[in-house]
file final03.tsv (TSV, C-alpha atoms)
chain	number	residue	atom	x	y	z
I	1	MET	CA	51.12	105.11	84.72
I	2	GLU	CA	51.50	104.72	80.95
I	3	LEU	CA	54.32	106.83	79.48
I	4	ASN	CA	52.11	108.77	77.04
I	5	LYS	CA	49.61	109.65	79.77
I	6	LEU	CA	52.39	110.76	82.11
I	7	GLN	CA	53.97	112.84	79.35
I	8	THR	CA	50.66	114.56	78.62
I	9	LEU	CA	50.14	115.20	82.33
I	10	VAL	CA	53.60	116.80	82.68
I	11	ILE	CA	53.27	118.93	79.55
I	12	ASN	CA	49.80	120.14	80.56
I	13	ALA	CA	51.02	120.97	84.07
I	14	LEU	CA	53.91	122.98	82.63
I	15	GLU	CA	51.73	124.75	80.07
I	16	ASP	CA	49.16	125.63	82.77
I	17	VAL	CA	51.81	127.73	84.52
I	18	LYS	CA	53.17	129.20	81.26
I	19	ALA	CA	56.43	127.28	80.80
I	20	HIS	CA	58.63	128.39	77.93
I	21	GLU	CA	60.44	126.32	75.30
I	22	LEU	CA	59.09	122.87	76.17
I	23	THR	CA	61.17	120.09	74.66
I	24	ALA	CA	60.88	116.32	75.02
I	25	ILE	CA	63.81	114.01	74.33
I	26	ASP	CA	63.30	110.27	73.93
I	27	VAL	CA	66.25	108.53	75.61
I	28	ARG	CA	64.89	104.97	75.55
I	29	GLY	CA	67.66	102.56	74.73
I	30	LYS	CA	70.28	105.23	75.38
I	31	ILE	CA	70.26	105.33	79.19
I	32	ASP	CA	68.75	103.04	81.78
I	33	ILE	CA	67.46	105.58	84.31
I	34	THR	CA	64.50	106.99	82.35
I	35	ASP	CA	62.64	106.86	79.04
I	36	LEU	CA	61.98	110.52	78.39
I	37	MET	CA	63.38	113.88	79.43
I	38	ILE	CA	61.20	116.97	79.34
I	39	ILE	CA	62.99	120.31	79.50
I	40	ALA	CA	61.27	123.64	80.12
I	41	SER	CA	62.27	127.19	80.97
I	42	GLY	CA	60.83	129.63	83.47
I	43	THR	CA	61.26	133.37	83.72
I	44	SER	CA	62.45	133.58	87.34
I	45	ASP	CA	63.36	131.39	90.30
I	46	ARG	CA	59.79	131.78	91.59
I	47	HIS	CA	58.40	130.81	88.21
I	48	ILE	CA	60.48	127.63	87.96
I	49	GLN	CA	59.40	126.71	91.49
I	50	ALA	CA	55.73	127.28	90.58
I	51	LEU	CA	56.17	125.13	87.47
I	52	ALA	CA	57.77	122.35	89.53
I	53	ASP	CA	55.10	122.55	92.22
I	54	ASN	CA	52.37	122.20	89.59
I	55	VAL	CA	54.04	119.16	88.00
I	56	VAL	CA	54.47	117.47	91.40
I	57	GLU	CA	50.91	118.29	92.49
I	58	ASN	CA	49.40	116.92	89.27
I	59	ALA	CA	51.62	113.82	89.38
I	60	LYS	CA	50.56	113.08	92.96
I	61	LYS	CA	46.88	113.52	92.10
I	62	SER	CA	47.20	111.05	89.24
I	63	GLY	CA	49.04	108.47	91.33
I	64	ALA	CA	52.32	108.75	89.42
I	65	THR	CA	55.52	107.69	91.16
I	66	ILE	CA	57.65	110.63	92.29
I	67	VAL	CA	61.15	109.28	92.87
I	68	GLY	CA	62.58	112.62	93.91
I	69	VAL	CA	62.82	116.36	93.46
I	70	GLU	CA	66.13	118.24	93.42
I	71	LYS	CA	65.98	122.01	93.74
I	72	ASP	CA	68.41	124.79	93.04
I	73	ARG	CA	67.72	128.48	92.53
I	74	SER	CA	68.04	128.16	88.77
I	75	TRP	CA	67.14	124.50	88.10
I	76	VAL	CA	64.59	122.02	89.42
I	77	LEU	CA	64.76	118.34	88.49
I	78	ILE	CA	61.72	116.11	89.02
I	79	ASP	CA	62.23	112.36	88.68
I	80	LEU	CA	58.99	110.60	87.78
I	81	TYR	CA	60.81	107.34	87.02
I	82	ASP	CA	59.80	107.05	83.35
I	83	ILE	CA	60.20	110.80	82.82
I	84	VAL	CA	62.76	113.20	84.22
I	85	VAL	CA	61.66	116.84	84.10
I	86	HIS	CA	64.23	119.65	84.01
I	87	ILE	CA	62.90	123.16	84.66
I	88	MET	CA	65.54	125.87	84.33
I	89	LEU	CA	66.17	129.56	84.01
I	90	PRO	CA	67.12	130.41	80.40
I	91	GLU	CA	70.75	131.19	81.24
I	92	THR	CA	71.14	127.88	83.09
I	93	ARG	CA	69.53	126.01	80.22
I	94	LYS	CA	71.85	127.69	77.73
I	95	PHE	CA	74.93	126.92	79.86
I	96	TYR	CA	74.20	123.19	80.31
I	97	ASP	CA	72.59	122.77	76.86
I	98	LEU	CA	71.00	119.41	77.65
I	99	GLU	CA	69.24	119.40	74.29
I	100	LYS	CA	72.56	119.40	72.46
I	101	LEU	CA	74.01	116.78	74.80
I	102	TRP	CA	71.08	114.39	74.34
I	103	GLN	CA	70.35	115.26	70.71
I	104	LEU	CA	73.37	113.18	69.83
I	105	GLN	CA	71.96	110.33	71.91
I	106	GLY	CA	68.21	110.36	71.32
I	107	GLN	CA	65.27	111.72	69.37
I	108	GLN	CA	64.50	115.37	70.17
I	109	GLU	CA	61.31	117.18	69.26
I	110	PRO	CA	59.30	120.07	70.65
I	111	ALA	CA	57.18	118.65	73.46
I	112	SER	CA	53.98	119.51	71.63
I	113	MET	CA	55.11	117.32	68.71
I	114	ILE	CA	55.55	114.09	70.71
call {"tool": "encode", "arguments": {"input": "final03.tsv", "output": "C-alpha cells"}}
result
Amino acid sequence: MELNKLQTLVINALEDVKAHELTAIDVRGKIDITDLMIIASGTSDRHIQALADNVVENAKKSGATIVGVEKDRSWVLIDLYDIVVHIMLPETRKFYDLEKLWQLQGQQEPASMI
C-alpha cells in the first residue's frame, strides 16, 4: 500500500476512536526499519487498546501488511512495515519522549499537517 494512503488510513482510524495529540515523524533516510512513525495518546489502558484494535482492523481490511503488534498496559506498538504506530498513555509518552528523540533525527509535524 502506498505510504500516503496508509498514513491517511492510520490517522483516520486513530481519529475515529478519539486519539489525542497525533504526531507523525518522517524517519526516511534516518533508520532502515520504517519510513514514518505515528504517535498518539489515549486516556486509559482500555482506550489505547481500542485505538490499536481500530488501526489493526482498518489495516487488515485495506490489505496492509501487519508485521506485528506489541502490547503493554501503557503502550501499544503496531508495525505496518512502512509505518510504526505508537499509542501510549500520556505519562508513558512524556517519560519516553519519542518526539524529542526523533525530532533530532527527522522531520516532525502534527499528523494532520503531513
call {"tool": "atom_distance", "arguments": {"input": "final03.tsv", "atom1": "atom CA of I:Thr92", "atom2": "atom CA of I:Ala13"}}
result
21.3 Å
call {"tool": "atom_distance", "arguments": {"input": "final03.tsv", "atom1": "atom CA of I:Ser74", "atom2": "atom CA of I:Lys60"}}
result
23.5 Å
call {"tool": "atom_distance", "arguments": {"input": "final03.tsv", "atom1": "atom CA of I:Ile25", "atom2": "atom CA of I:Leu80"}}
result
14.7 Å
call {"tool": "closest_residue", "arguments": {"input": "final03.tsv", "among": "I:Leu101, I:Leu6, I:Leu22, I:Leu14", "to": "I:Gln49", "atoms": "only C-alpha atoms"}}
result
I:Leu14
call {"tool": "closest_residue", "arguments": {"input": "final03.tsv", "among": "I:His20, I:Lys61, I:Ile78, I:Lys94", "to": "I:Ser44", "atoms": "all atoms listed in the file"}}
result
I:His20
call {"tool": "closest_residue", "arguments": {"input": "final03.tsv", "among": "I:Thr65, I:Trp102, I:Leu9, I:Tyr81", "to": "I:Lys30", "atoms": "all atoms listed in the file"}}
result
I:Trp102
call {"tool": "closest_residue", "arguments": {"input": "final03.tsv", "among": "I:Ile48, I:Ile83, I:Met1, I:Val55", "to": "I:Asp32", "atoms": "all atoms listed in the file"}}
result
I:Ile83
call {"tool": "residues_near_point", "arguments": {"input": "final03.tsv", "point": "(60.3, 127.7, 84.9)", "cutoff": "12 Å", "atoms": "only C-alpha atoms", "output": "JSON, numbers by chain"}}
result
{"I": [13, 14, 15, 16, 17, 18, 19, 20, 21, 22, 39, 40, 41, 42, 43, 44, 45, 46, 47, 48, 49, 50, 51, 52, 53, 54, 55, 71, 72, 73, 74, 75, 76, 77, 85, 86, 87, 88, 89, 90, 91, 92, 93]}
call {"tool": "axis_aligned_box", "arguments": {"input": "final03.tsv", "around": "stretch 51-65 of chain I", "padding_each_side": "8 Å", "output": "lines of an AutoDock Vina configuration file"}}
result
center_x = 52.3
center_y = 116.4
center_z = 90.2
size_x = 26.9
size_y = 33.4
size_z = 21.5
call {"tool": "build_atoms", "arguments": {"input": "final03.tsv", "residues": "stretch 27-44 of chain I", "atoms": "N, CA and C atoms", "output": "compact mmCIF listing (two decimals), keeping the file's coordinate frame"}}
result
# COMPACT_ATOMS: atom_id res chain seq x y z
N VAL I 27 64.94 109.12 75.31
CA VAL I 27 66.25 108.53 75.61
C VAL I 27 66.15 107.02 75.84
N ARG I 28 65.03 106.42 75.41
CA ARG I 28 64.89 104.97 75.55
C ARG I 28 65.99 104.27 74.76
N GLY I 29 66.59 103.30 75.38
CA GLY I 29 67.66 102.56 74.73
C GLY I 29 69.01 103.25 74.78
N LYS I 30 69.03 104.47 75.29
CA LYS I 30 70.28 105.23 75.38
C LYS I 30 70.82 105.26 76.81
N ILE I 31 69.90 105.37 77.77
CA ILE I 31 70.26 105.33 79.19
C ILE I 31 69.24 104.46 79.91
N ASP I 32 69.62 103.96 81.05
CA ASP I 32 68.75 103.04 81.78
C ASP I 32 67.88 103.71 82.84
N ILE I 33 68.14 104.96 83.17
CA ILE I 33 67.46 105.58 84.31
C ILE I 33 66.08 106.15 83.99
N THR I 34 65.79 106.40 82.72
CA THR I 34 64.50 106.99 82.35
C THR I 34 64.24 106.74 80.87
N ASP I 35 63.02 107.01 80.45
CA ASP I 35 62.64 106.86 79.04
C ASP I 35 62.58 108.19 78.30
N LEU I 36 62.23 109.23 79.02
CA LEU I 36 61.98 110.52 78.39
C LEU I 36 62.45 111.64 79.29
N MET I 37 63.03 112.67 78.70
CA MET I 37 63.38 113.88 79.43
C MET I 37 62.53 115.01 78.86
N ILE I 38 61.94 115.78 79.75
CA ILE I 38 61.20 116.97 79.34
C ILE I 38 61.94 118.16 79.94
N ILE I 39 62.24 119.12 79.08
CA ILE I 39 62.99 120.31 79.50
C ILE I 39 62.11 121.52 79.25
N ALA I 40 62.06 122.42 80.24
CA ALA I 40 61.27 123.64 80.12
C ALA I 40 62.02 124.79 80.78
N SER I 41 61.68 126.00 80.37
CA SER I 41 62.27 127.19 80.97
C SER I 41 61.21 127.98 81.70
N GLY I 42 61.66 128.69 82.74
CA GLY I 42 60.83 129.63 83.47
C GLY I 42 61.50 130.99 83.47
N THR I 43 60.75 132.01 83.82
CA THR I 43 61.26 133.37 83.72
C THR I 43 61.99 133.86 84.97
N SER I 44 61.81 133.18 86.09
CA SER I 44 62.45 133.58 87.34
C SER I 44 62.54 132.37 88.26
